[in-house]
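Undergrad: Mind looking over this structure? Questions follow.
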Amino acid sequence: MTRARYGARTEREVSATRTASARLPDIWSTGVVAVWETDPDAVAAVLPPPLKPTGLPLVRVNISTVDLPGYPLGAGSFAVAAAHGTVEGWYPLVMPMTHERALTGGREVFGEPKKLGEVTVERDGPAVRAALARHGIAFVEVRGAVSGELPVPEPSRKTDFYFKFLPAVDGSGFDTDPVLVHCVRHEKVRRLERIGGDVVLRESAYDPVADLPVLRLREITIGEKTSDQSGRVVERVNAQALLPYIHQRYDDPLQILDAPPEGSH
């Protein structure tokens with residue numbers, strides 16, 4: 001009979017897959033990054049323990065298109081500045097992806113809060129528009145015009161924090177203790193430009209990023225970059241302390257009952 005492709009792979013095939021993934025060439029993306037200062041109480045409220053706020057209540061949104069051969073990808077991240085002990089980095093609240101392949105790998109291996117969504121990066125001369133959308137709502141939109149070249153920065157090292165867990169089969173708690181992951185990225189930039197513009201946050205019951213308003217816009221840039229990433233489990237975390245935050249990962253139907261903060265628009 002012909003081979004059933006869902007059957008077990010040989011050791012040689014498994015080894016070949018690992019070797020091929022370890023030799024991927026640099027994959028370049030074109031992305032818009034906006035950074036702003038927001039309400040420090042809002043940042044503190046969204047950080048599960050043991051993560052804590054840093055000295056500045058910063059938000060960073062990254063909206064990119066990735067040059068994967070034959071498989072173009074839109075990738076986004078909406079993150080707040082956070083610290084774990086002496087390590088400072090970013091805690092993403094939502095990471096929209098345009099393809100399931102990117103979503104499942106990141107969620108299952110690293111614990112990334114990825115969700116299927118629409119990611120747009122458009123440029124017409126100096127005019128730039130980038131957006132993250134889900135459920136028909138562009139909950140983040142960056143608009144502006146390129147105002148000049150910026151010096152290409154030196155290669156940098158950045159850390160993202162993720163919580164990796166599996167909800168329990170019986171619907172109560174987790175199947176195993178959740179873990180905190182440090183994901184380290186080594187990033188190289190080959191072009192960077194400044195954008196003069198603004199950031200629009202729209203109300204969305206499933207992606208309530210409007211709770212982290214733009215109080216002081218620090219920068220908007222568009223650039224071409226590539227990065228690698230590696231992750232490691234740094235500690236097991238208290239399941240009961242994390243449980244109130246797991247709705248961040250999912251489109252929880254009960255979340256539509258949450259009202260936006262008083263006085264918001």
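All residue names refer to the structure tokens as shown: chains lettered A, B, ... in order, residues numbered from 1 in each chain, ligands numbered from 1 in order.
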For region 32-44 of chain A, work out the shell of residues within 6 Å, counting only C-alpha atoms and skipping chain neighbours fewer than 3 positions away, then give it as a PyMOL selection string.

TA: chain A and resi 47+53+57-63+212-222

Undergrad: Restricted to all heavy atoms, what would the selected residues look like written as a compact mmCIF listing (two decimals), in the first residue's frame?

TA:
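What follows is the written file selection20.txt:
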# COMPACT_ATOMS: atom_id res chain seq x y z
N LEU A 47 -0.63 43.20 33.59
CA LEU A 47 0.55 42.35 33.77
C LEU A 47 0.29 41.24 34.78
O LEU A 47 0.12 41.51 35.97
CB LEU A 47 1.75 43.19 34.23
CG LEU A 47 2.32 44.18 33.22
CD1 LEU A 47 3.42 45.02 33.87
CD2 LEU A 47 2.84 43.46 31.99
N PRO A 53 5.55 46.39 36.24
CA PRO A 53 5.83 47.53 35.36
C PRO A 53 7.28 47.97 35.45
O PRO A 53 7.97 47.74 36.44
CB PRO A 53 4.89 48.62 35.91
CG PRO A 53 3.85 47.91 36.70
CD PRO A 53 4.54 46.69 37.26
N PRO A 57 5.63 53.75 31.57
CA PRO A 57 4.47 52.98 31.09
C PRO A 57 4.37 53.03 29.58
O PRO A 57 3.58 53.79 29.01
CB PRO A 57 3.30 53.70 31.77
CG PRO A 57 3.75 55.11 31.87
CD PRO A 57 5.24 55.07 32.10
N LEU A 58 5.17 52.21 28.91
CA LEU A 58 5.26 52.27 27.46
C LEU A 58 4.42 51.18 26.79
O LEU A 58 4.28 50.07 27.32
CB LEU A 58 6.71 52.10 27.01
CG LEU A 58 7.70 53.17 27.46
CD1 LEU A 58 9.09 52.84 26.92
CD2 LEU A 58 7.25 54.55 26.98
N VAL A 59 3.90 51.52 25.61
CA VAL A 59 3.24 50.58 24.72
C VAL A 59 4.01 50.59 23.40
O VAL A 59 4.46 51.64 22.95
CB VAL A 59 1.78 50.96 24.47
CG1 VAL A 59 1.13 50.01 23.46
CG2 VAL A 59 0.98 50.97 25.77
N ARG A 60 4.15 49.41 22.81
CA ARG A 60 4.79 49.32 21.49
C ARG A 60 3.91 48.46 20.59
O ARG A 60 3.54 47.34 20.95
CB ARG A 60 6.17 48.68 21.60
CG ARG A 60 6.92 48.62 20.26
CD ARG A 60 8.17 47.77 20.35
NE ARG A 60 7.85 46.36 20.53
CZ ARG A 60 8.75 45.41 20.74
NH1 ARG A 60 10.02 45.69 20.83
NH2 ARG A 60 8.37 44.14 20.89
N VAL A 61 3.56 49.02 19.43
CA VAL A 61 2.85 48.23 18.43
C VAL A 61 3.75 48.05 17.22
O VAL A 61 4.43 48.98 16.79
CB VAL A 61 1.49 48.89 18.03
CG1 VAL A 61 1.70 50.24 17.37
CG2 VAL A 61 0.70 47.97 17.14
N ASN A 62 3.82 46.82 16.74
CA ASN A 62 4.64 46.46 15.59
C ASN A 62 3.72 45.83 14.54
O ASN A 62 3.04 44.85 14.82
CB ASN A 62 5.72 45.47 16.01
CG ASN A 62 6.77 45.25 14.93
OD1 ASN A 62 6.49 45.39 13.75
ND2 ASN A 62 7.98 44.87 15.34
N ILE A 63 3.69 46.41 13.34
CA ILE A 63 2.82 45.94 12.26
C ILE A 63 3.70 45.67 11.05
O ILE A 63 4.27 46.60 10.48
CB ILE A 63 1.73 46.98 11.94
CG1 ILE A 63 0.98 47.37 13.22
CG2 ILE A 63 0.78 46.45 10.88
CD1 ILE A 63 0.02 48.54 13.03
N LEU A 212 -5.46 51.36 26.77
CA LEU A 212 -4.07 51.79 26.92
C LEU A 212 -3.83 52.98 25.98
O LEU A 212 -3.12 52.88 24.98
CB LEU A 212 -3.11 50.64 26.61
CG LEU A 212 -3.21 49.49 27.62
CD1 LEU A 212 -3.02 48.15 26.95
CD2 LEU A 212 -2.21 49.67 28.74
N PRO A 213 -4.42 54.13 26.30
CA PRO A 213 -4.47 55.26 25.36
C PRO A 213 -3.10 55.88 25.09
O PRO A 213 -2.15 55.72 25.86
CB PRO A 213 -5.38 56.26 26.07
CG PRO A 213 -5.20 55.96 27.52
CD PRO A 213 -5.03 54.46 27.60
N VAL A 214 -3.03 56.60 23.98
CA VAL A 214 -1.81 57.33 23.61
C VAL A 214 -1.81 58.65 24.37
O VAL A 214 -2.52 59.59 24.02
CB VAL A 214 -1.76 57.59 22.09
CG1 VAL A 214 -0.46 58.33 21.75
CG2 VAL A 214 -1.88 56.30 21.31
N LEU A 215 -1.01 58.71 25.44
CA LEU A 215 -0.90 59.95 26.21
C LEU A 215 0.26 60.82 25.72
O LEU A 215 0.17 62.05 25.74
CB LEU A 215 -0.73 59.64 27.70
CG LEU A 215 -1.88 58.86 28.36
CD1 LEU A 215 -1.62 58.70 29.85
CD2 LEU A 215 -3.23 59.53 28.10
N ARG A 216 1.32 60.17 25.28
CA ARG A 216 2.46 60.91 24.71
C ARG A 216 3.14 60.01 23.69
O ARG A 216 3.73 59.00 24.04
CB ARG A 216 3.46 61.32 25.80
CG ARG A 216 4.67 62.07 25.25
CD ARG A 216 5.57 62.60 26.36
NE ARG A 216 6.77 63.22 25.82
CZ ARG A 216 7.95 62.59 25.68
NH1 ARG A 216 8.08 61.34 26.06
NH2 ARG A 216 8.99 63.22 25.17
N LEU A 217 3.00 60.40 22.42
CA LEU A 217 3.60 59.62 21.35
C LEU A 217 5.10 59.87 21.31
O LEU A 217 5.55 61.02 21.20
CB LEU A 217 2.97 60.01 20.01
CG LEU A 217 3.39 59.20 18.78
CD1 LEU A 217 3.05 57.73 18.95
CD2 LEU A 217 2.72 59.77 17.54
N ARG A 218 5.89 58.80 21.42
CA ARG A 218 7.34 58.95 21.44
C ARG A 218 7.97 58.82 20.05
O ARG A 218 8.88 59.57 19.71
CB ARG A 218 7.96 57.92 22.39
CG ARG A 218 7.57 58.15 23.84
CD ARG A 218 8.07 57.01 24.73
NE ARG A 218 9.50 56.99 24.86
CZ ARG A 218 10.19 57.56 25.85
NH1 ARG A 218 9.56 58.24 26.79
NH2 ARG A 218 11.51 57.47 25.91
N GLU A 219 7.50 57.86 19.25
CA GLU A 219 8.07 57.72 17.91
C GLU A 219 7.21 56.81 17.06
O GLU A 219 6.49 55.94 17.56
CB GLU A 219 9.50 57.16 17.96
CG GLU A 219 9.58 55.72 18.45
CD GLU A 219 10.98 55.14 18.35
OE1 GLU A 219 11.92 55.91 18.06
OE2 GLU A 219 11.13 53.93 18.55
N ILE A 220 7.30 57.05 15.75
CA ILE A 220 6.77 56.13 14.75
C ILE A 220 7.86 55.96 13.70
O ILE A 220 8.42 56.95 13.21
CB ILE A 220 5.48 56.64 14.08
CG1 ILE A 220 4.40 56.97 15.11
CG2 ILE A 220 4.95 55.59 13.11
CD1 ILE A 220 3.15 57.60 14.50
N THR A 221 8.16 54.73 13.35
CA THR A 221 9.18 54.45 12.33
C THR A 221 8.67 53.39 11.37
O THR A 221 7.76 52.62 11.68
CB THR A 221 10.50 53.96 12.95
OG1 THR A 221 10.26 52.76 13.71
CG2 THR A 221 11.12 55.02 13.86
N ILE A 222 9.29 53.35 10.20
CA ILE A 222 9.10 52.25 9.26
C ILE A 222 10.47 51.75 8.87
O ILE A 222 11.39 52.55 8.65
CB ILE A 222 8.28 52.68 8.02
CG1 ILE A 222 8.01 51.46 7.11
CG2 ILE A 222 8.94 53.80 7.26
CD1 ILE A 222 6.99 51.74 6.01

Undergrad: Would you pick out the contacts of Gly148 (chain A) at 12 Å or less, using only C-alpha atoms, so that residues sharing its chain but fewer than 5 positions from it are not included, and give the list as a list in words?

TA: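 Near Gly148 (chain A), the qualifying residues are Pro126, Arg191, Leu192, Glu193, Arg194, Ile195, Gly196, Ile220, Thr221, Ile222 and Gly223 of chain A.
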
Undergrad: I need the residues of region 9-215 of chain A that end up classed as strand (DSSP E) by DSSP on the backbone, written out as number ranges by chain.

TA: A: 29-37, 58-66, 73-84, 87-97, 114-116, 118-124, 127-134, 137-149, 156-164, 179-201

Undergrad: Restricting the output to C-alpha atoms, write the selected residues as a CSV table (one decimal), in the first residue's frame.

TA:
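Once everything was written out, this is selection-v3.csv:
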chain,number,residue,atom,x,y,z
A,29,SER,CA,10.2,42.2,7.0
A,30,THR,CA,8.9,45.7,6.4
A,31,GLY,CA,7.2,47.0,9.5
A,32,VAL,CA,5.8,50.1,11.2
A,33,VAL,CA,6.6,50.5,14.9
A,34,ALA,CA,4.9,53.0,17.2
A,35,VAL,CA,5.8,53.6,20.8
A,36,TRP,CA,3.9,55.7,23.3
A,37,GLU,CA,3.5,56.5,26.9
A,58,LEU,CA,5.3,52.3,27.5
A,59,VAL,CA,3.2,50.6,24.7
A,60,ARG,CA,4.8,49.3,21.5
A,61,VAL,CA,2.8,48.2,18.4
A,62,ASN,CA,4.6,46.5,15.6
A,63,ILE,CA,2.8,45.9,12.3
A,64,SER,CA,4.8,44.0,9.6
A,65,THR,CA,4.7,42.2,6.4
A,66,VAL,CA,7.2,39.3,6.1
A,73,LEU,CA,2.8,36.8,6.1
A,74,GLY,CA,1.3,39.7,8.0
A,75,ALA,CA,2.4,39.8,11.6
A,76,GLY,CA,1.5,42.2,14.4
A,77,SER,CA,2.2,42.7,18.1
A,78,PHE,CA,0.7,45.0,20.7
A,79,ALA,CA,2.8,44.9,23.8
A,80,VAL,CA,3.5,46.8,27.1
A,81,ALA,CA,6.8,47.3,28.8
A,82,ALA,CA,7.4,44.8,31.6
A,83,ALA,CA,10.1,43.5,33.9
A,84,HIS,CA,10.8,40.1,35.3
A,87,VAL,CA,15.2,41.6,33.0
A,88,GLU,CA,13.3,44.3,31.2
A,89,GLY,CA,11.3,43.6,28.0
A,90,TRP,CA,7.9,43.5,26.5
A,91,TYR,CA,4.7,41.6,27.3
A,92,PRO,CA,2.5,41.2,24.2
A,93,LEU,CA,-1.3,41.3,24.8
A,94,VAL,CA,-2.2,40.3,21.3
A,95,MET,CA,-0.3,39.2,18.2
A,96,PRO,CA,-2.5,39.1,15.1
A,97,MET,CA,-1.2,36.8,12.3
A,114,LYS,CA,-1.3,34.9,18.6
A,115,LYS,CA,-4.7,35.2,17.0
A,116,LEU,CA,-5.8,35.1,13.4
A,118,GLU,CA,-5.8,41.1,9.3
A,119,VAL,CA,-2.5,42.9,9.1
A,120,THR,CA,-2.0,45.8,6.7
A,121,VAL,CA,1.1,47.8,5.8
A,122,GLU,CA,0.6,50.3,2.9
A,123,ARG,CA,2.9,52.9,1.5
A,124,ASP,CA,2.3,55.3,-1.3
A,127,ALA,CA,2.2,58.3,2.9
A,128,VAL,CA,2.0,55.3,5.2
A,129,ARG,CA,-0.9,53.4,6.8
A,130,ALA,CA,-0.6,50.3,8.9
A,131,ALA,CA,-3.4,48.5,10.8
A,132,LEU,CA,-4.3,45.5,12.9
A,133,ALA,CA,-7.9,44.3,12.5
A,134,ARG,CA,-10.1,41.5,13.9
A,137,ILE,CA,-12.6,46.3,13.5
A,138,ALA,CA,-9.2,48.0,12.8
A,139,PHE,CA,-8.5,48.2,16.6
A,140,VAL,CA,-5.0,49.8,15.9
A,141,GLU,CA,-4.3,52.1,13.0
A,142,VAL,CA,-1.1,54.0,12.4
A,143,ARG,CA,-1.2,56.9,9.9
A,144,GLY,CA,1.4,59.4,8.7
A,145,ALA,CA,4.1,60.4,6.3
A,146,VAL,CA,7.8,59.6,6.1
A,147,SER,CA,9.8,62.6,7.1
A,148,GLY,CA,13.3,61.4,6.7
A,149,GLU,CA,16.0,58.7,7.0
A,156,SER,CA,20.1,44.6,19.2
A,157,ARG,CA,18.8,42.0,21.7
A,158,LYS,CA,15.2,42.2,22.8
A,159,THR,CA,13.2,40.1,25.3
A,160,ASP,CA,9.5,39.2,25.1
A,161,PHE,CA,7.6,37.5,28.0
A,162,TYR,CA,5.1,34.8,27.4
A,163,PHE,CA,3.0,32.5,29.6
A,164,LYS,CA,2.7,28.9,28.3
A,179,VAL,CA,5.4,28.5,32.9
A,180,LEU,CA,6.9,31.9,32.1
A,181,VAL,CA,9.0,32.0,28.9
A,182,HIS,CA,11.7,34.5,28.0
A,183,CYS,CA,11.9,34.8,24.2
A,184,VAL,CA,15.1,36.5,23.1
A,185,ARG,CA,15.3,38.1,19.6
A,186,HIS,CA,18.5,39.3,18.0
A,187,GLU,CA,17.4,41.9,15.5
A,188,LYS,CA,19.2,43.5,12.5
A,189,VAL,CA,18.0,46.5,10.7
A,190,ARG,CA,19.0,47.5,7.1
A,191,ARG,CA,16.8,50.6,6.7
A,192,LEU,CA,14.9,52.9,9.0
A,193,GLU,CA,12.8,56.0,8.4
A,194,ARG,CA,11.0,58.4,10.7
A,195,ILE,CA,7.2,58.9,10.3
A,196,GLY,CA,5.3,61.9,11.4
A,197,GLY,CA,1.7,60.9,12.2
A,198,ASP,CA,-0.6,59.5,14.8
A,199,VAL,CA,-2.0,56.3,16.3
A,200,VAL,CA,-5.7,55.5,16.4
A,201,LEU,CA,-7.1,53.0,18.9

Undergrad: From the options A:Thr2, A:Thr10, A:Thr98, A:Thr176, which residue's atoms come nearest to Arg236 (chain A), counting only C-alpha atoms?

TA: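 Counting only C-alpha atoms, the residue closest to Arg236 (chain A) is A:Thr176.
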
Undergrad: Quick check, in Å to one decimal: how far apart do CA of Ile246 (chain A) and CA of Pro208 (chain A) lie?

TA: 14.4 Å

Undergrad: Neighbouring residues of Ala239 (chain A) were defined as those with any atom within 7 Å, considering only C-alpha atoms; residues of the same chain fewer than 3 positions away were excluded. Please report them as a PyMOL selection string.

TA: chain A and resi 177-178+242-243

Undergrad: Give me a file of those residues, with C-alpha atoms, as a PDB file, in the first residue's frame.

TA:
ATOM      1  CA  ASP A 177       1.477  24.268  36.012  1.00  0.00           C
ATOM      2  CA  PRO A 178       1.892  27.238  33.639  1.00  0.00           C
ATOM      3  CA  LEU A 242      -2.371  33.593  36.419  1.00  0.00           C
ATOM      4  CA  LEU A 243      -5.926  32.281  36.074  1.00  0.00           C
TER       5      LEU A 243
END

Undergrad: Step one, run DSSP on the backbone; step two, keep only residues of region 103-226 of chain A assigned to helix (DSSP H, G or I); then write them as an NGL selection string.

TA: :A and (103-110 or 209-211)

Undergrad: Restricting the calculation to only C-alpha atoms, which member of A:Pro153, A:Ser172, A:Ile27, A:Val46 is positioned closest to Val209 (chain A)?

TA: A:Val46

Undergrad: CA of His135 (chain A) and CA of Pro113 (chain A), how far apart in Å?

TA: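 If I compute the distance from CA of Pro113 (chain A) to CA of His135 (chain A), I get 16.6 Å.
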